[in-house]
>>> print(open('protein08.cif').read())   # mmCIF, C-alpha atoms
data_start
loop_
_atom_site.label_atom_id
_atom_site.label_comp_id
_atom_site.auth_asym_id
_atom_site.auth_seq_id
_atom_site.Cartn_x
_atom_site.Cartn_y
_atom_site.Cartn_z
CA MET A 1 0.00 0.00 0.00
CA LEU A 2 1.14 3.55 -0.75
CA GLU A 3 2.05 4.88 2.69
CA ASP A 4 4.62 7.26 4.11
CA PHE A 5 4.87 8.43 7.73
CA GLY A 6 5.13 12.15 6.99
CA ALA A 7 2.50 12.10 4.25
CA GLU A 8 0.10 10.12 6.44
CA LEU A 9 0.57 12.60 9.28
CA ILE A 10 -0.34 15.45 6.91
CA ILE A 11 -3.30 13.69 5.33
CA ASN A 12 -4.70 12.50 8.67
CA ARG A 13 -4.47 15.97 10.23
CA LEU A 14 -6.11 17.61 7.22
CA GLU A 15 -8.94 15.07 7.21
CA ALA A 16 -9.44 15.41 10.97
CA ALA A 17 -9.90 19.14 10.40
CA GLY A 18 -12.61 18.45 7.81
CA TYR A 19 -10.59 18.79 4.61
CA GLU A 20 -9.94 16.36 1.77
CA ALA A 21 -6.33 15.29 1.21
CA TYR A 22 -4.69 12.81 -1.15
CA TYR A 23 -1.36 11.57 -2.43
CA VAL A 24 -1.07 12.76 -6.02
CA GLY A 25 1.25 12.86 -9.02
CA GLY A 26 4.61 11.17 -9.24
CA CYS A 27 4.45 9.23 -5.98
CA VAL A 28 1.20 7.52 -7.04
CA ARG A 29 2.53 6.92 -10.56
CA ASN A 30 5.78 5.39 -9.33
CA TYR A 31 3.97 3.23 -6.78
CA LEU A 32 1.79 1.76 -9.52
CA LEU A 33 4.81 1.29 -11.77
CA GLY A 34 6.76 -0.41 -8.99
CA LYS A 35 9.45 2.30 -9.14
CA PRO A 36 11.25 4.09 -6.27
CA ILE A 37 9.42 7.12 -4.89
CA ASP A 38 11.58 10.24 -4.55
CA ASP A 39 9.08 12.53 -2.86
CA TYR A 40 5.46 12.72 -1.83
CA ASP A 41 3.10 15.45 -3.07
CA ILE A 42 -0.27 16.02 -1.48
CA THR A 43 -3.33 17.79 -2.85
CA THR A 44 -6.00 19.13 -0.53
CA SER A 45 -9.20 21.14 -0.34
CA ALA A 46 -7.63 23.27 2.41
CA THR A 47 -6.48 26.74 1.42
CA PRO A 48 -2.77 27.58 1.77
CA GLN A 49 -3.54 29.74 4.82
CA ALA A 50 -5.49 26.89 6.40
CA VAL A 51 -2.51 24.57 5.82
CA CYS A 52 -0.15 27.10 7.45
CA ASP A 53 -2.49 27.46 10.44
CA LEU A 54 -2.98 23.72 10.81
CA PHE A 55 0.75 22.93 10.70
CA LYS A 56 2.19 25.93 12.54
CA ASP A 57 3.97 23.50 14.88
CA LEU A 58 6.10 22.31 11.93
CA GLU A 59 8.77 23.99 9.87
CA PHE A 60 7.30 25.13 6.56
CA PHE A 61 8.08 27.27 3.52
CA THR A 62 5.71 29.42 1.50
CA GLN A 63 7.72 30.29 -1.62
CA GLY A 64 5.11 28.51 -3.77
CA ILE A 65 2.09 29.91 -2.00
CA LYS A 66 0.97 32.03 -4.99
CA HIS A 67 0.45 28.73 -6.80
CA GLY A 68 -1.28 27.23 -3.77
CA THR A 69 1.71 25.27 -2.44
CA VAL A 70 3.01 25.12 1.13
CA SER A 71 6.13 23.00 1.74
CA LEU A 72 6.09 21.17 5.08
CA VAL A 73 9.21 19.65 6.64
CA ILE A 74 8.89 16.41 8.61
CA ASN A 75 11.94 14.47 9.79
CA GLY A 76 14.05 16.36 7.27
CA ALA A 77 11.84 15.43 4.29
CA VAL A 78 9.92 18.10 2.37
CA TYR A 79 6.26 17.53 1.46
CA GLU A 80 4.54 19.88 -0.98
CA VAL A 81 0.91 20.41 -0.04
CA THR A 82 -1.07 22.12 -2.80
CA THR A 83 -4.65 23.36 -2.70
CA PHE A 84 -7.07 22.02 -5.35
CA ARG A 85 -6.68 24.48 -8.21
CA THR A 86 -7.34 25.24 -11.85
CA ASP A 87 -4.89 27.09 -14.06
CA GLY A 88 -5.61 30.22 -16.08
CA LEU A 89 -4.15 31.10 -19.48
CA TYR A 90 -0.49 30.31 -20.23
CA SER A 91 0.65 33.35 -22.21
CA ASP A 92 4.35 32.36 -22.05
CA SER A 93 3.83 28.64 -22.90
CA ARG A 94 5.34 27.76 -19.54
CA HIS A 95 3.50 29.23 -16.53
CA PRO A 96 -0.19 30.03 -15.94
CA ASN A 97 -0.93 33.75 -15.71
CA LYS A 98 -2.91 32.98 -12.59
CA VAL A 99 -4.26 30.04 -10.64
CA SER A 100 -7.68 29.74 -9.05
CA PHE A 101 -8.52 27.50 -6.14
CA CYS A 102 -11.37 25.07 -6.77
CA SER A 103 -13.56 22.88 -4.61
CA THR A 104 -13.19 19.42 -6.14
CA LEU A 105 -10.39 16.96 -6.68
CA SER A 106 -11.71 16.18 -10.17
CA GLU A 107 -11.18 19.78 -11.29
CA ASP A 108 -7.63 19.69 -9.93
CA LEU A 109 -6.76 16.43 -11.68
CA SER A 110 -8.14 17.74 -14.98
CA ARG A 111 -5.39 20.40 -15.23
CA ARG A 112 -2.54 17.88 -15.04
CA ASP A 113 -0.31 16.90 -17.95
CA PHE A 114 -0.60 13.11 -18.39
CA THR A 115 -3.11 10.55 -17.21
CA VAL A 116 -0.40 8.63 -15.35
CA ASN A 117 0.18 11.77 -13.27
CA ALA A 118 -3.51 12.47 -12.69
CA ILE A 119 -4.23 9.72 -10.17
CA ALA A 120 -4.89 10.47 -6.49
CA PHE A 121 -4.97 8.14 -3.50
CA ASN A 122 -5.71 7.98 0.18
CA LYS A 123 -6.28 4.97 2.43
CA ASN A 124 -9.94 5.72 3.07
CA LYS A 125 -11.06 6.28 -0.54
CA GLY A 126 -8.47 4.28 -2.45
CA PHE A 127 -7.46 5.41 -5.94
CA ILE A 128 -9.29 8.25 -7.63
CA ASP A 129 -8.67 7.86 -11.34
CA ASP A 130 -10.97 10.11 -13.36
CA PHE A 131 -8.81 9.91 -16.52
CA ASN A 132 -7.99 6.17 -16.66
CA GLY A 133 -4.36 6.59 -15.70
CA ILE A 134 -4.26 3.16 -14.07
CA TYR A 135 -5.36 1.58 -17.36
CA ASP A 136 -2.62 3.49 -19.18
CA ILE A 137 0.00 2.39 -16.65
CA LYS A 138 -1.06 -1.25 -16.97
CA HIS A 139 -0.82 -1.00 -20.75
CA SER A 140 2.37 1.13 -20.81
CA ILE A 141 0.66 4.08 -22.50
CA LEU A 142 1.50 7.77 -22.11
CA ARG A 143 -1.50 9.96 -22.87
CA CYS A 144 -2.31 13.61 -22.21
CA VAL A 145 -5.17 14.56 -19.92
CA GLY A 146 -7.83 16.03 -22.20
CA ASP A 147 -6.74 17.79 -25.39
CA ALA A 148 -3.05 17.13 -26.13
CA ASP A 149 -2.54 20.27 -28.22
CA ARG A 150 -3.84 22.38 -25.35
CA ARG A 151 -1.67 20.61 -22.77
CA PHE A 152 1.52 21.28 -24.74
CA SER A 153 0.49 24.80 -25.69
CA GLU A 154 0.08 25.54 -22.00
CA ASP A 155 3.59 24.38 -21.15
CA GLY A 156 6.13 23.52 -23.85
CA LEU A 157 8.34 21.72 -21.35
CA ARG A 158 5.69 18.99 -21.19
CA ILE A 159 6.95 17.87 -24.60
CA LEU A 160 10.29 16.88 -23.10
CA ARG A 161 8.60 15.49 -20.01
CA ALA A 162 6.64 13.19 -22.32
CA LEU A 163 9.84 11.95 -23.94
CA ARG A 164 11.44 11.53 -20.54
CA PHE A 165 8.56 9.43 -19.20
CA ALA A 166 8.53 7.33 -22.38
CA SER A 167 12.28 6.73 -22.04
CA VAL A 168 12.53 6.16 -18.29
CA TYR A 169 9.32 4.13 -17.85
CA SER A 170 9.24 2.46 -21.29
CA LEU A 171 5.84 3.91 -22.15
CA GLU A 172 4.39 4.10 -25.64
CA ILE A 173 3.14 7.60 -26.48
CA GLU A 174 -0.36 7.32 -27.90
CA GLU A 175 -1.08 8.76 -31.34
CA LYS A 176 -2.88 12.03 -30.47
CA THR A 177 -0.23 12.86 -27.89
CA LYS A 178 2.52 11.99 -30.36
CA SER A 179 0.97 14.15 -33.08
CA ALA A 180 0.70 17.08 -30.67
CA ILE A 181 4.34 16.65 -29.59
CA LEU A 182 5.56 16.84 -33.18
CA SER A 183 3.33 19.77 -34.11
CA LYS A 184 4.17 21.78 -30.98
CA ALA A 185 7.89 20.98 -30.75
CA TYR A 186 8.73 24.56 -31.79
CA LEU A 187 7.52 25.70 -28.35
CA LEU A 188 10.73 24.31 -26.87
CA LYS A 189 12.45 27.43 -28.21
CA ASN A 190 10.67 29.30 -25.40
CA ILE A 191 12.03 27.04 -22.65
CA SER A 192 15.12 27.87 -20.60
CA ALA A 193 18.33 25.99 -21.37
CA GLU A 194 18.57 24.76 -17.79
CA ARG A 195 15.13 23.14 -17.95
CA ILE A 196 15.89 21.57 -21.32
CA ASN A 197 19.22 20.22 -20.07
CA SER A 198 17.55 18.66 -17.03
CA GLU A 199 14.79 16.91 -19.00
CA LEU A 200 17.06 15.86 -21.86
CA THR A 201 19.59 14.40 -19.43
CA LYS A 202 16.89 12.28 -17.79
CA THR A 203 15.64 11.22 -21.22
CA ILE A 204 18.98 9.98 -22.52
CA LEU A 205 19.57 8.14 -19.24
CA GLY A 206 16.35 6.16 -19.67
CA GLY A 207 16.39 2.50 -20.61
CA ASN A 208 14.20 3.23 -23.65
CA ALA A 209 16.30 6.19 -24.86
CA LEU A 210 17.21 4.67 -28.23
CA THR A 211 13.58 4.13 -29.25
CA VAL A 212 12.49 7.59 -28.05
CA LEU A 213 15.37 9.48 -29.70
CA THR A 214 14.91 7.61 -32.96
CA GLU A 215 11.15 8.17 -33.09
CA TYR A 216 11.28 11.80 -31.95
CA LYS A 217 14.45 13.02 -33.61
CA GLN A 218 12.55 16.03 -34.98
CA VAL A 219 12.11 17.21 -31.38
CA LEU A 220 15.80 16.71 -30.72
CA PHE A 221 16.63 18.81 -33.79
CA ILE A 222 14.78 21.74 -32.17
CA ILE A 223 16.97 21.41 -29.09
CA ILE A 224 20.26 20.71 -30.89
CA PRO A 225 19.82 22.10 -34.43
CA GLN A 226 23.37 21.08 -35.36
CA LEU A 227 22.17 17.45 -35.49
CA GLN A 228 19.85 18.14 -38.44
CA THR A 229 22.66 17.91 -40.99
CA VAL A 230 24.23 14.75 -39.53
CA GLU A 231 24.15 11.74 -41.85
CA GLU A 232 23.16 8.46 -40.23
CA VAL A 233 22.22 10.19 -36.99
CA ASP A 234 20.63 6.94 -35.82
CA PHE A 235 24.13 5.46 -35.50
CA TYR A 236 24.95 8.04 -32.81
CA PHE A 237 21.71 7.22 -31.00
CA SER A 238 22.82 3.58 -30.94
CA TRP A 239 26.26 4.56 -29.69
CA LEU A 240 24.56 6.56 -26.94
CA ALA A 241 22.38 3.59 -25.96
CA ASN A 242 25.43 1.32 -25.73
CA CYS A 243 27.10 3.69 -23.25
CA PRO A 244 26.68 3.08 -19.51
CA PHE A 245 24.02 5.16 -17.77
CA LYS A 246 26.28 8.19 -17.27
CA ALA A 247 25.16 11.53 -18.70
CA GLU A 248 28.55 12.75 -19.94
CA LEU A 249 29.25 9.55 -21.90
CA ARG A 250 25.83 9.57 -23.52
CA PHE A 251 25.99 13.27 -24.37
CA ALA A 252 29.46 12.76 -25.87
CA ALA A 253 28.09 10.06 -28.18
CA LEU A 254 25.06 12.20 -29.04
CA VAL A 255 27.02 15.30 -30.06
CA TYR A 256 30.18 13.62 -31.38
CA SER A 257 29.10 14.14 -34.96
CA CYS A 258 28.82 17.88 -34.23
CA LYS A 259 32.18 18.20 -32.50
CA ASN A 260 33.11 21.22 -34.62
CA HIS A 261 30.15 23.01 -33.00
CA PHE A 262 30.89 21.80 -29.49
CA LYS A 263 31.14 25.26 -27.95
CA GLU A 264 27.81 26.31 -29.46
CA ILE A 265 26.15 23.16 -28.13
CA CYS A 266 27.65 23.67 -24.67
CA ASP A 267 26.33 27.23 -24.63
CA LEU A 268 22.96 25.99 -25.89
CA LEU A 269 22.55 23.29 -23.24
CA ARG A 270 24.42 25.05 -20.42
CA PHE A 271 26.61 22.11 -19.48
CA SER A 272 28.37 22.41 -16.13
CA ASN A 273 32.14 22.88 -16.32
CA PHE A 274 32.63 19.33 -15.05
CA SER A 275 30.39 17.84 -17.73
CA LYS A 276 31.78 20.08 -20.47
CA ASN A 277 35.39 19.13 -19.68
CA LEU A 278 34.72 15.39 -19.57
CA ILE A 279 32.58 15.40 -22.73
CA LYS A 280 35.25 17.37 -24.61
CA LYS A 281 38.00 14.96 -23.53
CA LEU A 282 35.94 11.94 -24.56
CA ILE A 283 35.34 13.50 -27.98
CA ASP A 284 38.91 14.75 -28.47
CA TYR A 285 40.58 11.45 -27.62
CA HIS A 286 38.10 9.06 -29.21
CA GLY A 287 39.90 6.58 -31.45
CA VAL A 288 43.46 7.12 -30.15
CA ARG A 289 45.91 4.23 -30.09
CA LEU A 290 45.57 1.85 -27.17
CA SER A 291 48.10 -0.82 -28.05
CA ALA A 292 51.28 0.77 -26.63
CA LYS A 293 51.98 1.55 -22.98
CA PRO A 294 53.26 5.13 -23.61
CA TYR A 295 49.90 6.03 -25.17
CA LEU A 296 48.05 4.58 -22.20
CA LYS A 297 50.21 6.56 -19.78
CA ARG A 298 49.38 9.75 -21.63
CA LEU A 299 45.69 8.88 -21.46
CA LEU A 300 46.05 8.29 -17.73
CA ALA A 301 47.65 11.71 -17.35
CA ILE A 302 44.74 13.28 -19.26
CA PHE A 303 41.82 11.37 -17.73
CA GLY A 304 43.13 10.44 -14.27
CA ASP A 305 40.32 8.84 -12.25
CA GLN A 306 38.04 9.15 -15.30
CA ILE A 307 40.07 6.68 -17.38
CA SER A 308 37.39 3.99 -16.96
CA GLU A 309 34.83 6.39 -18.45
CA PHE A 310 37.09 6.78 -21.48
CA PHE A 311 37.29 3.00 -21.93
CA ASP A 312 33.53 2.66 -21.45
CA PHE A 313 32.99 5.26 -24.18
CA GLU A 314 35.35 3.47 -26.58
CA GLU A 315 33.79 0.12 -25.76
CA ALA A 316 30.30 1.45 -26.52
CA PHE A 317 31.55 2.62 -29.93
CA ALA A 318 33.07 -0.78 -30.66
CA LEU A 319 29.84 -2.50 -29.60
CA THR A 320 27.87 -0.28 -31.96
CA LEU A 321 30.14 -1.36 -34.81
CA ASN A 322 30.26 -4.95 -33.53
CA ASP A 323 34.05 -4.65 -33.79
CA LYS A 324 35.39 -7.64 -31.84
CA ASP A 325 39.03 -6.73 -32.48
CA ALA A 326 38.51 -3.29 -30.98
CA LEU A 327 36.72 -4.78 -27.98
CA ASN A 328 39.64 -7.11 -27.41
CA GLU A 329 42.12 -4.21 -27.68
CA ILE A 330 40.12 -2.19 -25.12
CA SER A 331 40.06 -5.16 -22.75
CA GLN A 332 43.84 -5.50 -23.02
CA ALA A 333 44.27 -1.74 -22.52
CA ARG A 334 42.21 -1.86 -19.34
CA ALA A 335 44.48 -4.62 -18.02
CA SER A 336 47.60 -2.65 -18.94
CA VAL A 337 46.31 0.43 -17.15
CA CYS A 338 45.65 -1.64 -14.02
CA GLU A 339 49.25 -2.88 -14.23
CA ILE A 340 50.59 0.68 -14.62
CA LEU A 341 48.66 1.81 -11.56
CA GLN A 342 49.54 -1.23 -9.45
CA ASN A 343 53.24 -0.79 -10.26
CA ASN A 344 53.01 2.95 -9.55
CA GLU A 345 54.61 3.68 -12.90
CA CYS A 346 55.23 7.34 -13.64
CA PHE A 347 52.89 9.22 -15.97
CA THR A 348 52.54 12.65 -14.30
CA LEU A 349 54.97 15.35 -13.18
CA THR A 350 54.05 14.76 -9.55
CA GLN A 351 55.35 11.18 -9.83
CA LEU A 352 58.64 12.24 -11.41
CA ALA A 353 61.71 11.60 -9.21
CA VAL A 354 63.00 15.08 -10.08
CA ASP A 355 61.18 18.33 -9.26
CA GLY A 356 61.58 22.04 -9.81
CA ASN A 357 63.76 22.50 -6.75
CA ASP A 358 66.26 19.99 -8.08
CA LEU A 359 66.49 21.89 -11.33
CA MET A 360 66.74 25.28 -9.62
CA SER A 361 69.75 24.00 -7.71
CA LEU A 362 71.36 23.26 -11.08
CA GLY A 363 70.75 26.79 -12.30
CA TYR A 364 67.50 26.33 -14.20
CA ASN A 365 64.86 29.04 -13.89
CA GLY A 366 61.40 30.04 -15.12
CA ALA A 367 60.30 28.43 -18.36
CA GLN A 368 63.49 26.34 -18.45
CA ILE A 369 62.27 24.33 -15.46
CA SER A 370 58.92 23.49 -17.02
CA LYS A 371 60.51 22.56 -20.35
CA ALA A 372 63.07 20.31 -18.66
CA LEU A 373 60.50 18.55 -16.48
CA TYR A 374 58.26 17.74 -19.46
CA LEU A 375 61.32 16.52 -21.39
CA LEU A 376 62.09 14.12 -18.54
CA LEU A 377 58.48 13.00 -18.16
CA ASP A 378 58.27 12.25 -21.88
CA ALA A 379 61.49 10.24 -21.65
CA VAL A 380 60.18 8.22 -18.70
CA ILE A 381 56.81 7.56 -20.36
CA ASN A 382 58.59 6.36 -23.52
CA GLU A 383 60.93 4.21 -21.39
CA ARG A 384 64.06 6.00 -22.58
CA VAL A 385 65.18 6.43 -18.98
CA SER A 386 64.08 5.03 -15.62
CA ASN A 387 62.33 7.22 -13.08
CA ASP A 388 65.42 7.54 -10.89
CA LYS A 389 66.75 10.92 -9.76
CA ILE A 390 70.40 10.31 -10.65
CA LEU A 391 69.56 8.72 -13.99
CA LEU A 392 67.13 11.54 -14.82
CA LEU A 393 69.68 14.27 -14.07
CA ASP A 394 72.29 12.44 -16.14
CA PHE A 395 69.78 12.14 -18.97
CA LEU A 396 69.01 15.85 -18.74
CA ASN A 397 72.69 16.74 -18.83
CA GLU A 398 73.21 14.57 -21.92
CA ASN A 399 70.18 15.99 -23.72
CA ASN A 400 70.45 19.64 -22.77
CA GLY A 401 71.98 20.70 -25.96
#
>>> encode(input="protein08.cif", output="structure tokens")
Amino acid sequence: MLEDFGAELIINRLEAAGYEAYYVGGCVRNYLLGKPIDDYDITTSATPQAVCDLFKDLEFFTQGIKHGTVSLVINGAVYEVTTFRTDGLYSDSRHPNKVSFCSTLSEDLSRRDFTVNAIAFNKNKGFIDDFNGIYDIKHSILRCVGDADRRFSEDGLRILRALRFASVYSLEIEEKTKSAILSKAYLLKNISAERINSELTKTILGGNALTVLTEYKQVLFIIIPQLQTVEEVDFYFSWLANCPFKAELRFAALVYSCKNHFKEICDLLRFSNFSKNLIKKLIDYHGVRLSAKPYLKRLLAIFGDQISEFFDFEEAFALTLNDKDALNEISQARASVCEILQNNECFTLTQLAVDGNDLMSLGYNGAQISKALYLLLDAVINERVSNDKILLLDFLNENNG
């Protein structure tokens, strides 16, 4: 049974005071899908002020009160309690110009995006399912509540939410909803980059990402227009799907074909610096030689703790091509890297047996020190000299001309 201590406390207190209160939205959906529940949202007939008065003994926040939401804190968890409401016009294709409180749960559920999100529940009344969301969940269908064109016109982000749900929960988008997605995809141009990045990231991390991206590539072209001119774009979707469930790897596969426009895409999607740096390295070093130890040491110096992500990315590419020789080479490279690390072999300046102070004592200064250290590191990596202080200084003396 759908039950949470904090949510039950809230619902029971609201009902004891004469109000209606229900679990609603994602927690009900995920319960019926057998998926983990991240948070619990509650809808109620109580006004926001009534909620504040009734729970004044608890910590609460009212940032969302203009939309009817009071956030209650119980045992460190946050519960959003929202008054039954209907939404007014959406002049910006994202937010309602105003919201109006209403008296019935049915009115509240009718404003929601998809039938799977328009199911309410409490222990006394069971499931309230005015729009057949339970049927759609049982049959793996994603369907808009009411008119699909209207739902997406109200909020363009719902287009990406639809793709995300289809990808993460392996739902089939029904025909009217699909048609509305394709006809209203242009509305995504009005959505902030941060929101698009968040929804797109969740979409490509879904188990059904390949099917969704392939079927709705026209939507993706609105988000990343550089992909429109890519030949065989489906290959890159397959590469993405063969990557582990890590956003940077999957984004690197997705935009690899547009690597000459990488900066534009980063600006478009507002990647974090961490993600941008890793994606760029994966793209820049894709396809490098893996058969010789010096190359692997250089890759270790570049990727550090992220070296396994590099190998995962290369392996996904080889899987997409069904290249067994490449897969074998990657497997051997992984083993060689483990050996390098276990033997503490030198591949960075910090591991070098000679440092700047040693060179300063020999009369080196400024740029000379950096140049000499990289000369020695290169020699060690290429096994021209052992990583021993005396041998390194002798090597430097012999090669200083």
>>> atom_distance(input="protein08.cif", atom1="CA of Tyr186 in chain A", atom2="CA of Ser198 in chain A")
18.2 Å
>>> closest_atom_pairs(input="protein08.cif", of="range 188-218 of chain A", to="range 249-261 of chain A", cutoff="12 Å", atoms="all atoms listed in the file", output="tab-separated table")
residue	atom	partner	partner_atom	distance
A:Asn197	CA	A:Phe251	CA	10.6
A:Leu200	CA	A:Phe251	CA	9.6
A:Thr201	CA	A:Phe251	CA	8.2
A:Lys202	CA	A:Arg250	CA	11.0
A:Thr203	CA	A:Arg250	CA	10.6
A:Ile204	CA	A:Arg250	CA	6.9
A:Leu205	CA	A:Arg250	CA	7.7
A:Gly206	CA	A:Arg250	CA	10.8
A:Ala209	CA	A:Arg250	CA	10.2
A:Leu210	CA	A:Leu254	CA	10.9
A:Leu213	CA	A:Leu254	CA	10.1
A:Thr214	CA	A:Leu254	CA	11.8
A:Lys217	CA	A:Leu254	CA	11.6
>>> residues_around(input="protein08.cif", residues="Val380 in chain A", least_positions_apart="3", cutoff="12 Å", atoms="all atoms listed in the file", output="list of chain:residue names")
A:Lys293, A:Pro294, A:Lys297, A:Arg298, A:Glu345, A:Cys346, A:Phe347, A:Thr348, A:Leu349, A:Gln351, A:Leu352, A:Ala353, A:Val354, A:Leu373, A:Tyr374, A:Leu375, A:Leu376, A:Leu377, A:Glu383, A:Arg384, A:Val385, A:Ser386, A:Asn387, A:Asp388, A:Lys389, A:Leu391, A:Leu392, A:Phe395, A:Leu396
>>> resolve_selection(input="protein08.cif", expression="the PyMOL selection byres ((chain A and resi 176) around 12)", output="MDAnalysis selection string")
chainID A and resid 141:152 172:175 177:183
>>> resolve_selection(input="protein08.cif", expression="the PyMOL selection byres ((chain A and resi 69) around 9)", output="PDB file with C-alpha atoms, in the frame of the given file")
ATOM      1  CA  PRO A  48      -2.770  27.580   1.770  1.00  0.00           C
ATOM      2  CA  PHE A  61       8.080  27.270   3.520  1.00  0.00           C
ATOM      3  CA  THR A  62       5.710  29.420   1.500  1.00  0.00           C
ATOM      4  CA  GLN A  63       7.720  30.290  -1.620  1.00  0.00           C
ATOM      5  CA  GLY A  64       5.110  28.510  -3.770  1.00  0.00           C
ATOM      6  CA  ILE A  65       2.090  29.910  -2.000  1.00  0.00           C
ATOM      7  CA  LYS A  66       0.970  32.030  -4.990  1.00  0.00           C
ATOM      8  CA  HIS A  67       0.450  28.730  -6.800  1.00  0.00           C
ATOM      9  CA  GLY A  68      -1.280  27.230  -3.770  1.00  0.00           C
ATOM     10  CA  VAL A  70       3.010  25.120   1.130  1.00  0.00           C
ATOM     11  CA  SER A  71       6.130  23.000   1.740  1.00  0.00           C
ATOM     12  CA  GLU A  80       4.540  19.880  -0.980  1.00  0.00           C
ATOM     13  CA  VAL A  81       0.910  20.410  -0.040  1.00  0.00           C
ATOM     14  CA  THR A  82      -1.070  22.120  -2.800  1.00  0.00           C
ATOM     15  CA  THR A  83      -4.650  23.360  -2.700  1.00  0.00           C
TER      16      THR A  83
END
>>> axis_aligned_box(input="protein08.cif", around="range 301-320 of chain A", padding_each_side="3 Å", output="AutoDock Vina command-line options")
--center_x 37.8 --center_y 5.4 --center_z -22.1 --size_x 25.8 --size_y 21.8 --size_z 25.7
